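Engineer: File run-v2.cif below, mmCIF, C-alpha atoms:
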data_coords
loop_
_atom_site.label_atom_id
_atom_site.label_comp_id
_atom_site.auth_asym_id
_atom_site.auth_seq_id
_atom_site.Cartn_x
_atom_site.Cartn_y
_atom_site.Cartn_z
CA MET A 10 108.83 88.98 91.25
CA LEU A 11 105.06 88.91 90.77
CA PHE A 12 105.01 85.19 89.98
CA ASP A 13 107.67 82.55 89.39
CA ASP A 14 107.89 83.39 85.69
CA THR A 15 107.12 87.13 85.70
CA TYR A 16 109.40 90.14 86.15
CA LYS A 17 109.09 93.92 85.79
CA THR A 18 111.12 96.28 83.63
CA ILE A 19 110.60 99.57 81.77
CA LEU A 20 109.27 99.85 78.23
CA SER A 21 111.46 102.68 76.98
CA GLN A 22 113.94 105.36 78.03
CA SER A 23 112.72 107.98 80.51
CA GLU A 24 114.15 110.91 82.45
CA GLY A 25 113.92 112.57 85.85
CA ILE A 26 115.40 115.91 86.94
CA TYR A 27 116.21 117.22 90.43
CA ARG A 28 117.74 120.58 91.36
CA GLU A 29 119.34 121.56 94.65
CA LYS A 30 121.48 124.61 95.52
CA GLY A 31 122.45 125.20 91.91
CA SER A 32 123.32 121.56 91.18
CA LYS A 33 121.27 119.75 88.56
CA PHE A 34 120.79 115.99 88.54
CA ILE A 35 119.52 114.38 85.33
CA ALA A 36 118.50 110.73 85.73
CA THR A 37 118.17 108.64 82.57
CA ALA A 38 116.50 105.24 82.89
CA ILE A 39 117.23 102.82 80.05
CA PRO A 40 115.88 99.31 79.36
CA ILE A 41 118.72 96.85 78.72
CA GLN A 42 119.05 93.17 77.88
CA LYS A 43 122.76 92.42 78.11
CA GLU A 44 125.69 93.59 80.21
CA GLN A 45 127.54 94.48 76.99
CA GLN A 46 125.09 97.35 76.47
CA ILE A 47 126.09 99.13 79.69
CA LYS A 48 129.34 100.71 78.57
CA GLU A 49 127.85 101.95 75.29
CA GLU A 50 124.84 103.54 77.00
CA ILE A 51 126.97 105.26 79.64
CA ASN A 52 129.34 106.55 76.95
CA ASN A 53 126.38 107.92 74.97
CA ILE A 54 125.17 109.84 78.01
CA ALA A 55 128.68 111.08 78.77
CA LYS A 56 128.89 112.46 75.23
CA ARG A 57 125.44 114.03 75.48
CA TYR A 58 126.34 115.78 78.75
CA HIS A 59 130.05 116.19 77.98
CA ASP A 60 130.42 119.21 80.30
CA ALA A 61 128.93 117.49 83.37
CA ARG A 62 131.05 116.56 86.38
CA HIS A 63 129.67 113.09 87.20
CA ASN A 64 127.77 110.25 85.52
CA CYS A 65 126.88 107.87 88.36
CA PHE A 66 124.94 104.71 87.62
CA ALA A 67 123.35 101.49 88.77
CA TYR A 68 121.98 98.55 86.82
CA ARG A 69 120.22 95.27 87.42
CA LEU A 70 120.05 92.43 84.91
CA GLY A 71 118.47 89.01 84.49
CA PHE A 72 114.90 87.87 84.98
CA ASP A 73 115.86 87.12 88.59
CA GLY A 74 117.84 90.36 89.01
CA SER A 75 120.95 88.37 89.86
CA ILE A 76 123.40 90.80 88.18
CA GLN A 77 123.67 94.09 90.10
CA ARG A 78 126.30 96.82 89.87
CA TYR A 79 126.59 100.48 90.81
CA ASN A 80 129.24 103.19 90.59
CA ASP A 81 129.70 106.57 92.33
CA ASP A 82 131.90 108.04 89.55
CA GLY A 83 133.92 110.23 91.86
CA GLU A 84 131.17 111.18 94.31
CA PRO A 85 131.75 110.26 98.00
CA SER A 86 131.39 106.52 98.51
CA GLY A 87 127.81 105.38 98.97
CA THR A 88 126.19 108.71 98.04
CA ALA A 89 125.27 108.04 94.39
CA GLY A 90 125.29 104.48 93.04
CA ARG A 91 123.73 102.94 96.13
CA PRO A 92 120.67 105.27 96.31
CA ILE A 93 120.14 104.80 92.56
CA MET A 94 120.17 101.03 93.07
CA GLY A 95 117.83 101.47 96.01
CA GLN A 96 115.15 102.87 93.70
CA ILE A 97 115.58 100.02 91.23
CA LEU A 98 115.17 97.48 94.03
CA SER A 99 112.27 99.22 95.76
CA ASN A 100 110.36 99.19 92.46
CA GLU A 101 111.29 95.52 91.88
CA LEU A 102 112.74 96.27 88.44
CA THR A 103 115.33 94.41 86.41
CA ASN A 104 116.89 94.73 82.95
CA ILE A 105 117.33 98.42 83.68
CA LEU A 106 120.19 100.92 83.78
CA ILE A 107 119.87 104.32 85.48
CA VAL A 108 122.55 106.92 84.89
CA VAL A 109 122.39 110.16 86.90
CA THR A 110 124.35 113.06 85.43
CA ARG A 111 125.33 115.83 87.84
CA TYR A 112 126.09 119.43 87.00
CA PHE A 113 127.79 120.99 90.02
CA GLY A 114 126.27 124.27 91.14
CA GLY A 115 129.13 125.53 93.28
CA THR A 116 127.69 124.58 96.67
CA LYS A 117 128.49 121.25 98.31
CA LEU A 118 125.39 119.31 99.32
CA GLY A 119 126.98 117.02 101.91
CA VAL A 120 126.49 113.28 102.19
CA SER A 121 122.79 113.36 103.05
CA GLY A 122 122.09 115.97 100.38
CA LEU A 123 123.79 113.90 97.69
CA ILE A 124 121.96 110.72 98.71
CA GLN A 125 118.67 112.58 98.56
CA ALA A 126 119.46 114.10 95.15
CA TYR A 127 120.45 110.80 93.52
CA LYS A 128 117.49 109.04 95.11
CA ILE A 129 114.85 111.58 94.05
CA SER A 130 116.12 112.02 90.49
CA SER A 131 116.17 108.23 90.01
CA LYS A 132 112.72 107.90 91.53
CA GLU A 133 111.38 110.53 89.14
CA ALA A 134 112.91 108.78 86.11
CA ILE A 135 111.14 105.56 87.11
CA GLU A 136 107.86 107.37 87.76
CA ASN A 137 108.09 108.90 84.29
CA SER A 138 108.63 105.50 82.67
CA THR A 139 106.14 102.87 81.59
CA ILE A 140 106.62 99.75 83.71
CA ILE A 141 105.75 96.47 82.00
CA ASN A 142 105.44 92.86 83.12
CA CYS A 143 107.50 90.33 81.16
CA PHE A 144 107.49 86.54 81.19
CA VAL A 145 110.50 84.36 81.88
CA LYS A 146 110.91 82.07 78.88
CA GLU A 147 112.61 78.73 78.37
CA VAL A 148 114.39 78.13 75.07
CA TYR A 149 114.63 74.64 73.55
CA GLU A 150 116.05 73.04 70.44
CA LEU A 151 114.15 70.13 68.90
CA LYS A 152 116.00 67.91 66.43
CA PHE A 153 113.92 65.43 64.42
CA ASP A 154 113.66 63.46 61.18
CA TYR A 155 111.97 65.14 58.25
CA SER A 156 109.34 62.38 58.34
CA GLN A 157 108.14 63.77 61.68
CA MET A 158 107.57 67.28 60.35
CA SER A 159 103.77 67.13 60.50
CA PRO A 160 103.37 66.00 64.15
CA VAL A 161 106.09 68.40 65.28
CA MET A 162 104.51 71.42 63.61
CA ASN A 163 101.02 70.44 64.77
CA LYS A 164 102.11 70.23 68.39
CA LEU A 165 103.96 73.54 68.22
CA LYS A 166 100.96 75.25 66.60
CA MET A 167 98.75 74.01 69.45
CA SER A 168 101.10 75.56 72.00
CA GLN A 169 102.06 79.18 72.63
CA ALA A 170 105.64 78.54 71.53
CA ASN A 171 107.52 81.19 69.56
CA ILE A 172 109.76 79.72 66.85
CA LEU A 173 113.14 81.48 66.83
CA TYR A 174 114.95 79.40 64.20
CA ASN A 175 114.27 76.45 61.94
CA ARG A 176 116.17 74.25 59.51
CA PHE A 177 114.21 71.80 57.40
CA GLU A 178 116.50 69.31 55.68
CA THR A 179 116.98 65.56 56.05
CA ASP A 180 117.78 66.24 59.69
CA CYS A 181 115.54 69.05 60.92
CA SER A 182 115.97 71.48 63.78
CA ILE A 183 113.68 74.02 65.44
CA VAL A 184 114.64 76.44 68.21
CA PHE A 185 111.67 77.84 70.11
CA SER A 186 110.84 79.72 73.28
CA ILE A 187 107.90 79.19 75.61
CA ARG A 188 106.72 80.89 78.78
CA LYS A 189 108.20 79.03 81.75
CA SER A 190 104.86 78.19 83.37
CA LEU A 191 103.62 76.69 80.07
CA ALA A 192 106.81 74.79 79.25
CA ASP A 193 105.89 71.37 80.64
CA GLN A 194 102.62 71.09 78.73
CA THR A 195 104.46 72.03 75.53
CA ILE A 196 107.57 69.89 75.77
CA GLU A 197 106.04 66.67 77.11
CA PRO A 198 104.18 65.89 73.84
CA LEU A 199 107.31 66.77 71.85
CA LYS A 200 109.38 64.28 73.87
CA LYS A 201 107.10 61.48 72.69
CA ILE A 202 107.77 62.06 68.99
CA GLU A 203 109.83 59.22 67.52
CA ASN A 204 113.36 59.90 66.26
CA SER A 205 113.53 63.28 67.96
CA ASN A 206 115.77 64.87 70.57
CA LEU A 207 114.72 67.83 72.73
CA LEU A 208 117.44 69.94 74.32
CA PHE A 209 116.98 72.74 76.86
CA LEU A 210 119.17 75.73 75.90
CA ARG A 211 118.57 78.57 78.34
CA ASN A 212 116.20 80.82 80.24
CA GLU A 213 115.63 84.37 79.01
#
Please render this file's structure as structure tokens.
Structural biologist:
Amino acid sequence: MLFDDTYKTILSQSEGIYREKGSKFIATAIPIQKEQQIKEEINNIAKRYHDARHNCFAYRLGFDGSIQRYNDDGEPSGTAGRPIMGQILSNELTNILIVVTRYFGGTKLGVSGLIQAYKISSKEAIENSTIINCFVKEVYELKFDYSQMSPVMNKLKMSQANILYNRFETDCSIVFSIRKSLADQTIEPLKKIENSNLLFLRNE
């Protein structure tokens, strides 16, 4: 983490390639937002490299990187998923999946050789990516009477809030997101609006 409300991820998909004793390791780094994406992305890579022997992976999710998983996909324990994860952690990245596809070249590399291969290919994929800084956001729902439309909209326009959803009827509702470090100065004025109710929904 750079600051309390900042995290690093990659902008778009990138690739790194490492060759050793006939074996080829293709690392694909993919930006992700939800754990449900993982299986689909791994399946896509497995289809793309359908004749490869292994598709090992590691991923880290959440603005705080709290969700972490890795898999050796048949390689000796600790030789693939862990070194891939090591590169994600050493670069302080989150919301990222790295899949390393291995084509076996006929010569065994040994434990240290495999660790090196998965590490270097993952490192190259990250180096070939564009790393970006993102802000942790807080999402709120504000419910209010239609009569309070003007003060509500004025206060939101004065902030850096991003409106995600709105419903303007007799009972109105607005869902908005705001950078975490700016949240207090945005929500405090909204709390003072009569006949309104502000509800915190989530971080994202």
Engineer: Could you please give me, as a ChimeraX atom specification, the residues of protein, DNA or RNA lying at most 9 Å from (105.8, 87.2, 80.9) in the coordinate frame of the file, considering all atoms listed in the file?
Structural biologist: /A:14-17,142-146,188-189
Engineer: Is there a way to get, as a list in words, all residues within 10 Å of the point (116.4, 113.0, 90.0) in file coordinates, counting only C-alpha atoms?
Structural biologist: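 Here is the list of nearby residues: Glu24, Gly25, Ile26, Tyr27, Arg28, Lys33, Phe34, Ile35, Ala36, Thr37, Ile93, Val109, Thr110, Arg111, Gln125, Ala126, Tyr127, Lys128, Ile129, Ser130, Ser131, Lys132, Glu133, Ala134 and Ile135 of chain A.
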Engineer: Taking the file as I've supplied it (selection: the PyMOL selection byres ((chain A and resi 203) around 9)), which residues are included? Please answer as an MDAnalysis selection string.
Structural biologist: chainID A and resid 153:154 157 200:202 204:206
Engineer: May I ask which of the residues A:Gln194, A:Gln96, A:Thr139, A:Gln45 is the closest one to A:Ile19, counting all atoms listed in the file?
Structural biologist: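 When distances to A:Ile19 are compared using all atoms listed in the file, the smallest one comes from A:Thr139.
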Engineer: Name the residues captured by the PyMOL selection byres ((chain A and resi 84) around 10) when it is applied to the shown file; answer as an NGL selection string.
Structural biologist: :A and (62-65 or 80-83 or 85-90 or 111 or 120 or 123)
Engineer: For a test of reading the model, state the distance in Å between atom CA of A:Leu199 and atom CA of A:Ser182, rounded to one decimal.
Structural biologist: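 These two atoms are separated by 12.7 Å.
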Engineer: What's the 6 Å shell around A:Glu150, counting only C-alpha atoms, without same-chain residues fewer than 5 positions away, as a VMD selection string?
Structural biologist: chain A and resid 183 to 184 207 to 208
Engineer: Evaluate the PyMOL selection byres ((chain A and resi 20) around 8) against this structure - the residues, as a compact mmCIF listing (two decimals) with C-alpha atoms, keeping the file's coordinate frame, please.
Structural biologist:
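So selection.txt came out as:
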# COMPACT_ATOMS: atom_id res chain seq x y z
CA THR A 18 111.12 96.28 83.63
CA ILE A 19 110.60 99.57 81.77
CA SER A 21 111.46 102.68 76.98
CA GLN A 22 113.94 105.36 78.03
CA PRO A 40 115.88 99.31 79.36
CA SER A 138 108.63 105.50 82.67
CA THR A 139 106.14 102.87 81.59
CA ILE A 140 106.62 99.75 83.71
CA ILE A 141 105.75 96.47 82.00
Engineer: Quick check, in Å to one decimal: how far apart do atom CA of A:Ser156 and atom CA of A:Asp193 lie?
Structural biologist: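 Computed distance, atom CA of A:Ser156 to atom CA of A:Asp193, equals 24.3 Å.
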Engineer: Could you jot down the atom CA of A:Ile76 to atom CA of A:Gln42 separation for me, Å, one decimal place?
Structural biologist: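 Distance reported for this atom pair: 11.4 Å.
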